[in-house]
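Notes follow the structure.
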Amino acid sequence: MCGILAIIGKGKDEALVQQLSKRMSHRGPDESDLFVTEKGHILSHERLSIIDLTTGRQPIQGSSKAWMVHNGEIYNHQNLRDTVLSRHAFRTTSDSEVIVHLYEEFGYEFCDMLDGIFAFVVINGDDYIAGRDPLGVKPLYYGLDERGRMYFSSEMKAITDQCRSFSTFPPGHYYTPKTGFVKYYRPQWEDASKAVEVIDYEAIRQTLTQAVEKRLMSDVPVGVLLSGGLDSSLTSSIAARLLKESGQKLHSFSIGLTADAPDAAAARKVAEFLGTDHHEIHFTIEQGIAILDKLVWHLETYDVTSIRASTPMYFLSKAITDMGVKVVLSGEGADEIFGGYLYFRNAPSATEFQKETIERVQKLFTADLLRADKSTMAHGLEARVPFLDKKFLELAIRIKPEEKQPKTYNGVEKYILRKAFDTPENPYLPSEVLWRQKEQFSDGVGYDWIDTLIEYCASQVTDEQLESAQERFPYNTPATKEAYFYRSLFHKHFPQVSAAQTVRKWIPKWQENTDPSGRANAAHVQADTCIAQSKLEV
């Protein structure tokens, strides 16, 4: 994991590029380096050392004149070395190095060979290729400056004041000067009509276990983010079993406003059940409000639910890295794959249910994955997401939607995932956690967090300001005082129109109150269907 910056084009001041790269130094606190190619192009890298701690420094040179920088992890790098790249001489044992050798061996057509999470740039003379992993687990932006130079960067903040226009690099694509953007990731699950498979509970267990196992690849300690919800609890359970086989004990981490927070209490139950070395962190509402401005700078978004959920994740990530852990597994993706958000209960048909799951997975990079990366990498912590493994996606999303809909199971969301791991003879989780209702992370840390946050934002924005929001923010105009407040913080750091256009708001469907809190849905056990509406006079 790291921060990368690449500038294609001559004449950029090297000292300035170093300064731009250092804006992302939080992503790579271990090492920093910069290389200028013989053609004057620049590659810069801020490194967080995970694999090959001694020789894996970047930029990395290939067999000849090609150089590369990479952010992410390539889980099948050893297999690639042993097979299609067996004739290549490698300079390091880093997983990243296979990328430049694949380019040398296959040209542009290699991204689909990579099993992992990645954002990379390879430069060879005046030729180059930039690519991003299938779902955008790793962030990447691109832009053009006044002189026509092309920029690629892990975070927007490194290029916003250098480029006349910039945008989010689309997941599942690569870019070259000869081809433009090319969509290399074309899975069958993107076609809703191909969701025709029957449930195979054994395949679900095996494929998710394999996904967790490959994500334990590391030369540094690995932990788990354990909220006490179904998704993080399952990944924790699988990881604990795998580590136990090699005599290792898993470190688990949770956070809440108090020890009585819904997630904190559930996480303790899971940790005790699994026998993990558990660490529980608390934060105050006042602390959360105090870091909102800095948090928005790190996140590069004004999406309401992303900011609500990133605040506790930001505090938790700092506590984790302070303990010496650099890598954690996280549960992102399961709700999108299986229709786990409470609003999915209201889907008007199986077809609409399936289309919504597909779109939610495709747009993960705009919300949950953005939050999972940037709130953790703000403190140099790498988050890995087993549910978004390519094989697991192909298996799970193509199950018939009728088999996944909550209404098929008396309103129980993610029933087939729960059922797959409901193995009484060798239980993965306590029954009350396995069948616990969906609780969104920003709710689960303690309901007072969102409630007080809404009230605080309302006190910072006048009725007149909200009424004239269209004039100040014509693009993605905020509709509530909370949204207006976040947008104002974002605009302070990123005033460009291009910056505002990189953000997509997360809004639930098929329910009257479109606040992103799970409690806005009437099915929630602690429902507050007037949340935000009743607390903001708009």
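The chains in the structure tokens are called A, B, ... from first to last as shown; in each chain the residues are counted from 1, and the ligands are counted from 1 in the order shown.
Here the residues within stretch 260-385 of chain A that DSSP labels strand (DSSP E or B) on the basis of the backbone are Asp277, His278, His279, Glu280, Ile281, His282, Val327, Val328, Leu329, Glu382, Ala383 and Arg384 of chain A.
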Determine which residues of stretch 335-406 of chain A receive a DSSP assignment of helix (DSSP H, G or I), computed from the backbone, and state them as a ChimeraX atom specification. /A:335-338,342-346,350-362,364-366,368-377,386-388,390-397,401-404,406
Which one of A:Pro139, A:Gly180, A:Gly331, A:Gly228 sits closest to A:Asp373 if you count only C-alpha atoms? A:Pro139
Quick one: everything within 12 Å of A:Met217, counting only C-alpha atoms, minus sequence neighbours fewer than 3 positions away in the same chain. Send it as a PDB file with all heavy atoms, in the first residue's frame.
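Okay, this is what ended up in out22.pdb:
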ATOM      1  N   ILE A  50       4.679  -3.669   3.129  1.00  0.00           N
ATOM      2  CA  ILE A  50       3.866  -4.812   3.525  1.00  0.00           C
ATOM      3  C   ILE A  50       4.524  -6.123   3.061  1.00  0.00           C
ATOM      4  O   ILE A  50       4.622  -7.075   3.811  1.00  0.00           O
ATOM      5  CB  ILE A  50       2.441  -4.721   2.926  1.00  0.00           C
ATOM      6  CG1 ILE A  50       1.757  -3.416   3.357  1.00  0.00           C
ATOM      7  CG2 ILE A  50       1.616  -5.935   3.337  1.00  0.00           C
ATOM      8  CD1 ILE A  50       1.485  -3.301   4.831  1.00  0.00           C
ATOM      9  N   ILE A  51       4.938  -6.153   1.791  1.00  0.00           N
ATOM     10  CA  ILE A  51       5.605  -7.318   1.203  1.00  0.00           C
ATOM     11  C   ILE A  51       7.026  -6.913   0.812  1.00  0.00           C
ATOM     12  O   ILE A  51       7.221  -5.852   0.220  1.00  0.00           O
ATOM     13  CB  ILE A  51       4.853  -7.830  -0.037  1.00  0.00           C
ATOM     14  CG1 ILE A  51       3.406  -8.187   0.320  1.00  0.00           C
ATOM     15  CG2 ILE A  51       5.571  -9.034  -0.649  1.00  0.00           C
ATOM     16  CD1 ILE A  51       3.258  -9.370   1.251  1.00  0.00           C
ATOM     17  N   ASP A  52       8.011  -7.768   1.090  1.00  0.00           N
ATOM     18  CA  ASP A  52       9.419  -7.504   0.789  1.00  0.00           C
ATOM     19  C   ASP A  52       9.853  -6.191   1.430  1.00  0.00           C
ATOM     20  O   ASP A  52       9.981  -5.154   0.778  1.00  0.00           O
ATOM     21  CB  ASP A  52       9.671  -7.464  -0.732  1.00  0.00           C
ATOM     22  CG  ASP A  52      11.156  -7.324  -1.071  1.00  0.00           C
ATOM     23  OD1 ASP A  52      11.981  -7.274  -0.129  1.00  0.00           O
ATOM     24  OD2 ASP A  52      11.482  -7.243  -2.262  1.00  0.00           O
ATOM     25  N   GLU A  73      -1.955  -4.671  -3.625  1.00  0.00           N
ATOM     26  CA  GLU A  73      -1.369  -5.983  -3.384  1.00  0.00           C
ATOM     27  C   GLU A  73      -1.775  -6.924  -4.516  1.00  0.00           C
ATOM     28  O   GLU A  73      -2.944  -6.962  -4.909  1.00  0.00           O
ATOM     29  CB  GLU A  73      -1.857  -6.579  -2.046  1.00  0.00           C
ATOM     30  CG  GLU A  73      -1.622  -5.709  -0.835  1.00  0.00           C
ATOM     31  CD  GLU A  73      -0.152  -5.519  -0.481  1.00  0.00           C
ATOM     32  OE1 GLU A  73       0.689  -6.317  -0.962  1.00  0.00           O
ATOM     33  OE2 GLU A  73       0.156  -4.574   0.263  1.00  0.00           O
ATOM     34  N   ILE A  74      -0.802  -7.687  -5.032  1.00  0.00           N
ATOM     35  CA  ILE A  74      -1.070  -8.683  -6.067  1.00  0.00           C
ATOM     36  C   ILE A  74      -0.975 -10.061  -5.407  1.00  0.00           C
ATOM     37  O   ILE A  74       0.119 -10.564  -5.135  1.00  0.00           O
ATOM     38  CB  ILE A  74      -0.069  -8.571  -7.234  1.00  0.00           C
ATOM     39  CG1 ILE A  74      -0.028  -7.119  -7.763  1.00  0.00           C
ATOM     40  CG2 ILE A  74      -0.440  -9.542  -8.342  1.00  0.00           C
ATOM     41  CD1 ILE A  74      -1.362  -6.586  -8.240  1.00  0.00           C
ATOM     42  N   TYR A  75      -2.116 -10.672  -5.151  1.00  0.00           N
ATOM     43  CA  TYR A  75      -2.149 -11.902  -4.362  1.00  0.00           C
ATOM     44  C   TYR A  75      -1.586 -13.105  -5.113  1.00  0.00           C
ATOM     45  O   TYR A  75      -1.105 -14.061  -4.486  1.00  0.00           O
ATOM     46  CB  TYR A  75      -3.579 -12.186  -3.894  1.00  0.00           C
ATOM     47  CG  TYR A  75      -4.177 -11.050  -3.102  1.00  0.00           C
ATOM     48  CD1 TYR A  75      -5.372 -10.452  -3.486  1.00  0.00           C
ATOM     49  CD2 TYR A  75      -3.533 -10.558  -1.970  1.00  0.00           C
ATOM     50  CE1 TYR A  75      -5.920  -9.399  -2.760  1.00  0.00           C
ATOM     51  CE2 TYR A  75      -4.072  -9.506  -1.245  1.00  0.00           C
ATOM     52  CZ  TYR A  75      -5.257  -8.923  -1.652  1.00  0.00           C
ATOM     53  OH  TYR A  75      -5.790  -7.875  -0.939  1.00  0.00           O
ATOM     54  N   ASN A  76      -1.647 -13.075  -6.439  1.00  0.00           N
ATOM     55  CA  ASN A  76      -1.146 -14.211  -7.219  1.00  0.00           C
ATOM     56  C   ASN A  76       0.234 -13.941  -7.816  1.00  0.00           C
ATOM     57  O   ASN A  76       0.601 -14.531  -8.835  1.00  0.00           O
ATOM     58  CB  ASN A  76      -2.123 -14.573  -8.334  1.00  0.00           C
ATOM     59  CG  ASN A  76      -2.287 -13.477  -9.380  1.00  0.00           C
ATOM     60  OD1 ASN A  76      -2.077 -12.299  -9.078  1.00  0.00           O
ATOM     61  ND2 ASN A  76      -2.657 -13.855 -10.593  1.00  0.00           N
ATOM     62  N   HIS A  77       1.009 -13.059  -7.198  1.00  0.00           N
ATOM     63  CA  HIS A  77       2.294 -12.683  -7.789  1.00  0.00           C
ATOM     64  C   HIS A  77       3.254 -13.861  -7.882  1.00  0.00           C
ATOM     65  O   HIS A  77       3.996 -13.992  -8.863  1.00  0.00           O
ATOM     66  CB  HIS A  77       2.935 -11.520  -7.004  1.00  0.00           C
ATOM     67  CG  HIS A  77       3.524 -11.894  -5.684  1.00  0.00           C
ATOM     68  ND1 HIS A  77       4.881 -12.053  -5.503  1.00  0.00           N
ATOM     69  CD2 HIS A  77       2.953 -12.152  -4.485  1.00  0.00           C
ATOM     70  CE1 HIS A  77       5.122 -12.373  -4.245  1.00  0.00           C
ATOM     71  NE2 HIS A  77       3.978 -12.438  -3.597  1.00  0.00           N
ATOM     72  N   GLN A  78       3.239 -14.752  -6.884  1.00  0.00           N
ATOM     73  CA  GLN A  78       4.175 -15.881  -6.937  1.00  0.00           C
ATOM     74  C   GLN A  78       3.802 -16.843  -8.058  1.00  0.00           C
ATOM     75  O   GLN A  78       4.669 -17.367  -8.763  1.00  0.00           O
ATOM     76  CB  GLN A  78       4.198 -16.610  -5.593  1.00  0.00           C
ATOM     77  CG  GLN A  78       5.332 -17.621  -5.475  1.00  0.00           C
ATOM     78  CD  GLN A  78       6.703 -16.968  -5.623  1.00  0.00           C
ATOM     79  OE1 GLN A  78       7.020 -15.997  -4.943  1.00  0.00           O
ATOM     80  NE2 GLN A  78       7.506 -17.497  -6.545  1.00  0.00           N
ATOM     81  N   SER A  94       9.113  -8.312  -4.237  1.00  0.00           N
ATOM     82  CA  SER A  94       7.873  -7.556  -4.074  1.00  0.00           C
ATOM     83  C   SER A  94       6.795  -8.070  -5.020  1.00  0.00           C
ATOM     84  O   SER A  94       7.060  -8.389  -6.188  1.00  0.00           O
ATOM     85  CB  SER A  94       8.124  -6.069  -4.348  1.00  0.00           C
ATOM     86  OG  SER A  94       6.912  -5.359  -4.471  1.00  0.00           O
ATOM     87  N   ASP A  95       5.566  -8.139  -4.513  1.00  0.00           N
ATOM     88  CA  ASP A  95       4.441  -8.510  -5.368  1.00  0.00           C
ATOM     89  C   ASP A  95       4.233  -7.513  -6.499  1.00  0.00           C
ATOM     90  O   ASP A  95       3.767  -7.870  -7.587  1.00  0.00           O
ATOM     91  CB  ASP A  95       3.164  -8.633  -4.533  1.00  0.00           C
ATOM     92  CG  ASP A  95       2.813  -7.328  -3.838  1.00  0.00           C
ATOM     93  OD1 ASP A  95       3.629  -6.850  -3.026  1.00  0.00           O
ATOM     94  OD2 ASP A  95       1.722  -6.780  -4.093  1.00  0.00           O
ATOM     95  N   GLY A 116      -5.875  -9.205  -7.401  1.00  0.00           N
ATOM     96  CA  GLY A 116      -5.470  -8.337  -6.308  1.00  0.00           C
ATOM     97  C   GLY A 116      -6.158  -7.000  -6.367  1.00  0.00           C
ATOM     98  O   GLY A 116      -7.188  -6.824  -7.027  1.00  0.00           O
ATOM     99  N   GLN A 210     -11.273 -19.101   0.770  1.00  0.00           N
ATOM    100  CA  GLN A 210     -10.121 -18.902  -0.107  1.00  0.00           C
ATOM    101  C   GLN A 210      -9.813 -17.413  -0.271  1.00  0.00           C
ATOM    102  O   GLN A 210      -8.642 -17.009  -0.314  1.00  0.00           O
ATOM    103  CB  GLN A 210     -10.380 -19.536  -1.461  1.00  0.00           C
ATOM    104  CG  GLN A 210     -10.421 -21.058  -1.428  1.00  0.00           C
ATOM    105  CD  GLN A 210     -11.009 -21.663  -2.697  1.00  0.00           C
ATOM    106  OE1 GLN A 210     -11.385 -20.956  -3.633  1.00  0.00           O
ATOM    107  NE2 GLN A 210     -11.106 -22.995  -2.722  1.00  0.00           N
ATOM    108  N   ALA A 211     -10.843 -16.604  -0.353  1.00  0.00           N
ATOM    109  CA  ALA A 211     -10.655 -15.162  -0.495  1.00  0.00           C
ATOM    110  C   ALA A 211      -9.980 -14.574   0.741  1.00  0.00           C
ATOM    111  O   ALA A 211      -9.104 -13.706   0.637  1.00  0.00           O
ATOM    112  CB  ALA A 211     -11.990 -14.469  -0.740  1.00  0.00           C
ATOM    113  N   VAL A 212     -10.385 -15.039   1.916  1.00  0.00           N
ATOM    114  CA  VAL A 212      -9.751 -14.570   3.151  1.00  0.00           C
ATOM    115  C   VAL A 212      -8.309 -15.057   3.218  1.00  0.00           C
ATOM    116  O   VAL A 212      -7.391 -14.294   3.554  1.00  0.00           O
ATOM    117  CB  VAL A 212     -10.534 -15.066   4.390  1.00  0.00           C
ATOM    118  CG1 VAL A 212      -9.753 -14.771   5.671  1.00  0.00           C
ATOM    119  CG2 VAL A 212     -11.906 -14.399   4.447  1.00  0.00           C
ATOM    120  N   GLU A 213      -8.091 -16.307   2.861  1.00  0.00           N
ATOM    121  CA  GLU A 213      -6.748 -16.890   2.976  1.00  0.00           C
ATOM    122  C   GLU A 213      -5.729 -16.123   2.149  1.00  0.00           C
ATOM    123  O   GLU A 213      -4.627 -15.833   2.617  1.00  0.00           O
ATOM    124  CB  GLU A 213      -6.779 -18.355   2.548  1.00  0.00           C
ATOM    125  CG  GLU A 213      -5.451 -19.065   2.728  1.00  0.00           C
ATOM    126  CD  GLU A 213      -5.555 -20.557   2.482  1.00  0.00           C
ATOM    127  OE1 GLU A 213      -6.516 -20.990   1.799  1.00  0.00           O
ATOM    128  OE2 GLU A 213      -4.689 -21.308   2.976  1.00  0.00           O
ATOM    129  N   LYS A 214      -6.063 -15.796   0.909  1.00  0.00           N
ATOM    130  CA  LYS A 214      -5.087 -15.095   0.067  1.00  0.00           C
ATOM    131  C   LYS A 214      -4.817 -13.687   0.589  1.00  0.00           C
ATOM    132  O   LYS A 214      -3.738 -13.136   0.368  1.00  0.00           O
ATOM    133  CB  LYS A 214      -5.551 -15.069  -1.389  1.00  0.00           C
ATOM    134  CG  LYS A 214      -6.707 -14.146  -1.693  1.00  0.00           C
ATOM    135  CD  LYS A 214      -7.082 -14.120  -3.174  1.00  0.00           C
ATOM    136  CE  LYS A 214      -7.646 -15.422  -3.677  1.00  0.00           C
ATOM    137  NZ  LYS A 214      -8.209 -15.277  -5.053  1.00  0.00           N
ATOM    138  N   VAL A 220       4.042  -8.512   7.475  1.00  0.00           N
ATOM    139  CA  VAL A 220       3.811  -7.766   8.719  1.00  0.00           C
ATOM    140  C   VAL A 220       2.532  -8.295   9.358  1.00  0.00           C
ATOM    141  O   VAL A 220       1.752  -9.004   8.713  1.00  0.00           O
ATOM    142  CB  VAL A 220       3.681  -6.244   8.445  1.00  0.00           C
ATOM    143  CG1 VAL A 220       4.970  -5.689   7.868  1.00  0.00           C
ATOM    144  CG2 VAL A 220       2.505  -5.955   7.505  1.00  0.00           C
ATOM    145  N   PRO A 221       2.263  -7.979  10.636  1.00  0.00           N
ATOM    146  CA  PRO A 221       1.064  -8.500  11.301  1.00  0.00           C
ATOM    147  C   PRO A 221      -0.242  -8.074  10.616  1.00  0.00           C
ATOM    148  O   PRO A 221      -0.357  -6.954  10.113  1.00  0.00           O
ATOM    149  CB  PRO A 221       1.159  -7.890  12.709  1.00  0.00           C
ATOM    150  CG  PRO A 221       2.605  -7.601  12.909  1.00  0.00           C
ATOM    151  CD  PRO A 221       3.134  -7.218  11.558  1.00  0.00           C
ATOM    152  N   VAL A 222      -1.227  -8.986  10.611  1.00  0.00           N
ATOM    153  CA  VAL A 222      -2.548  -8.745  10.028  1.00  0.00           C
ATOM    154  C   VAL A 222      -3.599  -8.838  11.126  1.00  0.00           C
ATOM    155  O   VAL A 222      -3.572  -9.759  11.950  1.00  0.00           O
ATOM    156  CB  VAL A 222      -2.865  -9.774   8.926  1.00  0.00           C
ATOM    157  CG1 VAL A 222      -4.264  -9.537   8.354  1.00  0.00           C
ATOM    158  CG2 VAL A 222      -1.830  -9.710   7.810  1.00  0.00           C
ATOM    159  N   GLY A 223      -4.535  -7.887  11.142  1.00  0.00           N
ATOM    160  CA  GLY A 223      -5.644  -7.911  12.086  1.00  0.00           C
ATOM    161  C   GLY A 223      -6.971  -7.876  11.354  1.00  0.00           C
ATOM    162  O   GLY A 223      -7.027  -7.994  10.118  1.00  0.00           O
ATOM    163  N   ALA A 239     -10.630 -15.941   9.291  1.00  0.00           N
ATOM    164  CA  ALA A 239      -9.221 -15.602   9.498  1.00  0.00           C
ATOM    165  C   ALA A 239      -8.679 -16.244  10.769  1.00  0.00           C
ATOM    166  O   ALA A 239      -7.549 -16.751  10.792  1.00  0.00           O
ATOM    167  CB  ALA A 239      -9.051 -14.084   9.566  1.00  0.00           C
ATOM    168  N   LEU A 242      -7.958 -19.904  10.105  1.00  0.00           N
ATOM    169  CA  LEU A 242      -6.780 -20.108   9.260  1.00  0.00           C
ATOM    170  C   LEU A 242      -5.490 -19.831  10.022  1.00  0.00           C
ATOM    171  O   LEU A 242      -4.510 -20.574   9.883  1.00  0.00           O
ATOM    172  CB  LEU A 242      -6.871 -19.198   8.027  1.00  0.00           C
ATOM    173  CG  LEU A 242      -7.994 -19.540   7.034  1.00  0.00           C
ATOM    174  CD1 LEU A 242      -8.151 -18.424   6.002  1.00  0.00           C
ATOM    175  CD2 LEU A 242      -7.705 -20.871   6.332  1.00  0.00           C
ATOM    176  N   LEU A 243      -5.480 -18.770  10.821  1.00  0.00           N
ATOM    177  CA  LEU A 243      -4.278 -18.448  11.576  1.00  0.00           C
ATOM    178  C   LEU A 243      -4.009 -19.476  12.672  1.00  0.00           C
ATOM    179  O   LEU A 243      -2.859 -19.784  12.981  1.00  0.00           O
ATOM    180  CB  LEU A 243      -4.392 -17.045  12.174  1.00  0.00           C
ATOM    181  CG  LEU A 243      -4.336 -15.887  11.181  1.00  0.00           C
ATOM    182  CD1 LEU A 243      -4.523 -14.562  11.899  1.00  0.00           C
ATOM    183  CD2 LEU A 243      -3.019 -15.879  10.407  1.00  0.00           C
ATOM    184  N   VAL A 327      -1.959  -4.076   8.547  1.00  0.00           N
ATOM    185  CA  VAL A 327      -2.928  -4.652   7.615  1.00  0.00           C
ATOM    186  C   VAL A 327      -4.144  -5.165   8.388  1.00  0.00           C
ATOM    187  O   VAL A 327      -3.992  -5.807   9.429  1.00  0.00           O
ATOM    188  CB  VAL A 327      -2.313  -5.824   6.820  1.00  0.00           C
ATOM    189  CG1 VAL A 327      -3.338  -6.405   5.843  1.00  0.00           C
ATOM    190  CG2 VAL A 327      -1.067  -5.380   6.069  1.00  0.00           C
ATOM    191  N   VAL A 328      -5.351  -4.880   7.870  1.00  0.00           N
ATOM    192  CA  VAL A 328      -6.575  -5.413   8.468  1.00  0.00           C
ATOM    193  C   VAL A 328      -7.501  -5.933   7.377  1.00  0.00           C
ATOM    194  O   VAL A 328      -7.501  -5.430   6.243  1.00  0.00           O
ATOM    195  CB  VAL A 328      -7.327  -4.350   9.299  1.00  0.00           C
ATOM    196  CG1 VAL A 328      -6.582  -4.021  10.580  1.00  0.00           C
ATOM    197  CG2 VAL A 328      -7.599  -3.085   8.486  1.00  0.00           C
ATOM    198  N   LEU A 329      -8.283  -6.940   7.726  1.00  0.00           N
ATOM    199  CA  LEU A 329      -9.364  -7.390   6.861  1.00  0.00           C
ATOM    200  C   LEU A 329     -10.630  -6.640   7.249  1.00  0.00           C
ATOM    201  O   LEU A 329     -10.848  -6.332   8.419  1.00  0.00           O
ATOM    202  CB  LEU A 329      -9.599  -8.895   7.018  1.00  0.00           C
ATOM    203  CG  LEU A 329      -8.416  -9.828   6.755  1.00  0.00           C
ATOM    204  CD1 LEU A 329      -8.875 -11.280   6.840  1.00  0.00           C
ATOM    205  CD2 LEU A 329      -7.773  -9.538   5.422  1.00  0.00           C
ATOM    206  N   ARG A 384      -8.083  -4.747   3.546  1.00  0.00           N
ATOM    207  CA  ARG A 384      -8.321  -5.726   2.490  1.00  0.00           C
ATOM    208  C   ARG A 384      -9.746  -6.255   2.592  1.00  0.00           C
ATOM    209  O   ARG A 384     -10.260  -6.436   3.693  1.00  0.00           O
ATOM    210  CB  ARG A 384      -7.316  -6.874   2.591  1.00  0.00           C
ATOM    211  CG  ARG A 384      -5.871  -6.420   2.410  1.00  0.00           C
ATOM    212  CD  ARG A 384      -4.890  -7.582   2.568  1.00  0.00           C
ATOM    213  NE  ARG A 384      -3.507  -7.154   2.345  1.00  0.00           N
ATOM    214  CZ  ARG A 384      -2.447  -7.955   2.486  1.00  0.00           C
ATOM    215  NH1 ARG A 384      -2.627  -9.230   2.860  1.00  0.00           N
ATOM    216  NH2 ARG A 384      -1.229  -7.504   2.262  1.00  0.00           N
TER     217      ARG A 384
END
Set the distance at 10 Å and use only C-alpha atoms: which residues neighbour A:Lys65 once local chain neighbours fewer than 5 positions away are removed? I'd like the list as number ranges by chain. A: 37-38, 104, 123-125
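For the pair atom CA of A:Asp127 and atom CA of A:Lys178, the separation is 8.5 Å.
Counting only C-alpha atoms and comparing A:Thr176, A:Ser25, A:Gln18, A:Ser96, the residue that lies closest to A:His298 is A:Ser25.
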Near-A:Pro312 list (10 Å; only C-alpha atoms; drop same-chain fewer than 4 positions) as a VMD selection string: chain A and resid 254 to 257 281 to 285 287 to 288 307 to 308 316 to 317 375 441 to 442 445 449
Distance table requested - stretch 306-419 of chain A against stretch 429-435 of chain A, cut-off 9 Å, only C-alpha atoms: one row per qualifying residue with the closest atom pair and its distance in Å to one decimal, ordered by chain and rising residue number, as JSON lines.
{"residue": "A:Val412", "atom": "CA", "partner": "A:Trp435", "partner_atom": "CA", "distance": 8.3}
{"residue": "A:Tyr415", "atom": "CA", "partner": "A:Trp435", "partner_atom": "CA", "distance": 8.5}
{"residue": "A:Arg418", "atom": "CA", "partner": "A:Leu434", "partner_atom": "CA", "distance": 6.1}
{"residue": "A:Lys419", "atom": "CA", "partner": "A:Leu434", "partner_atom": "CA", "distance": 8.8}
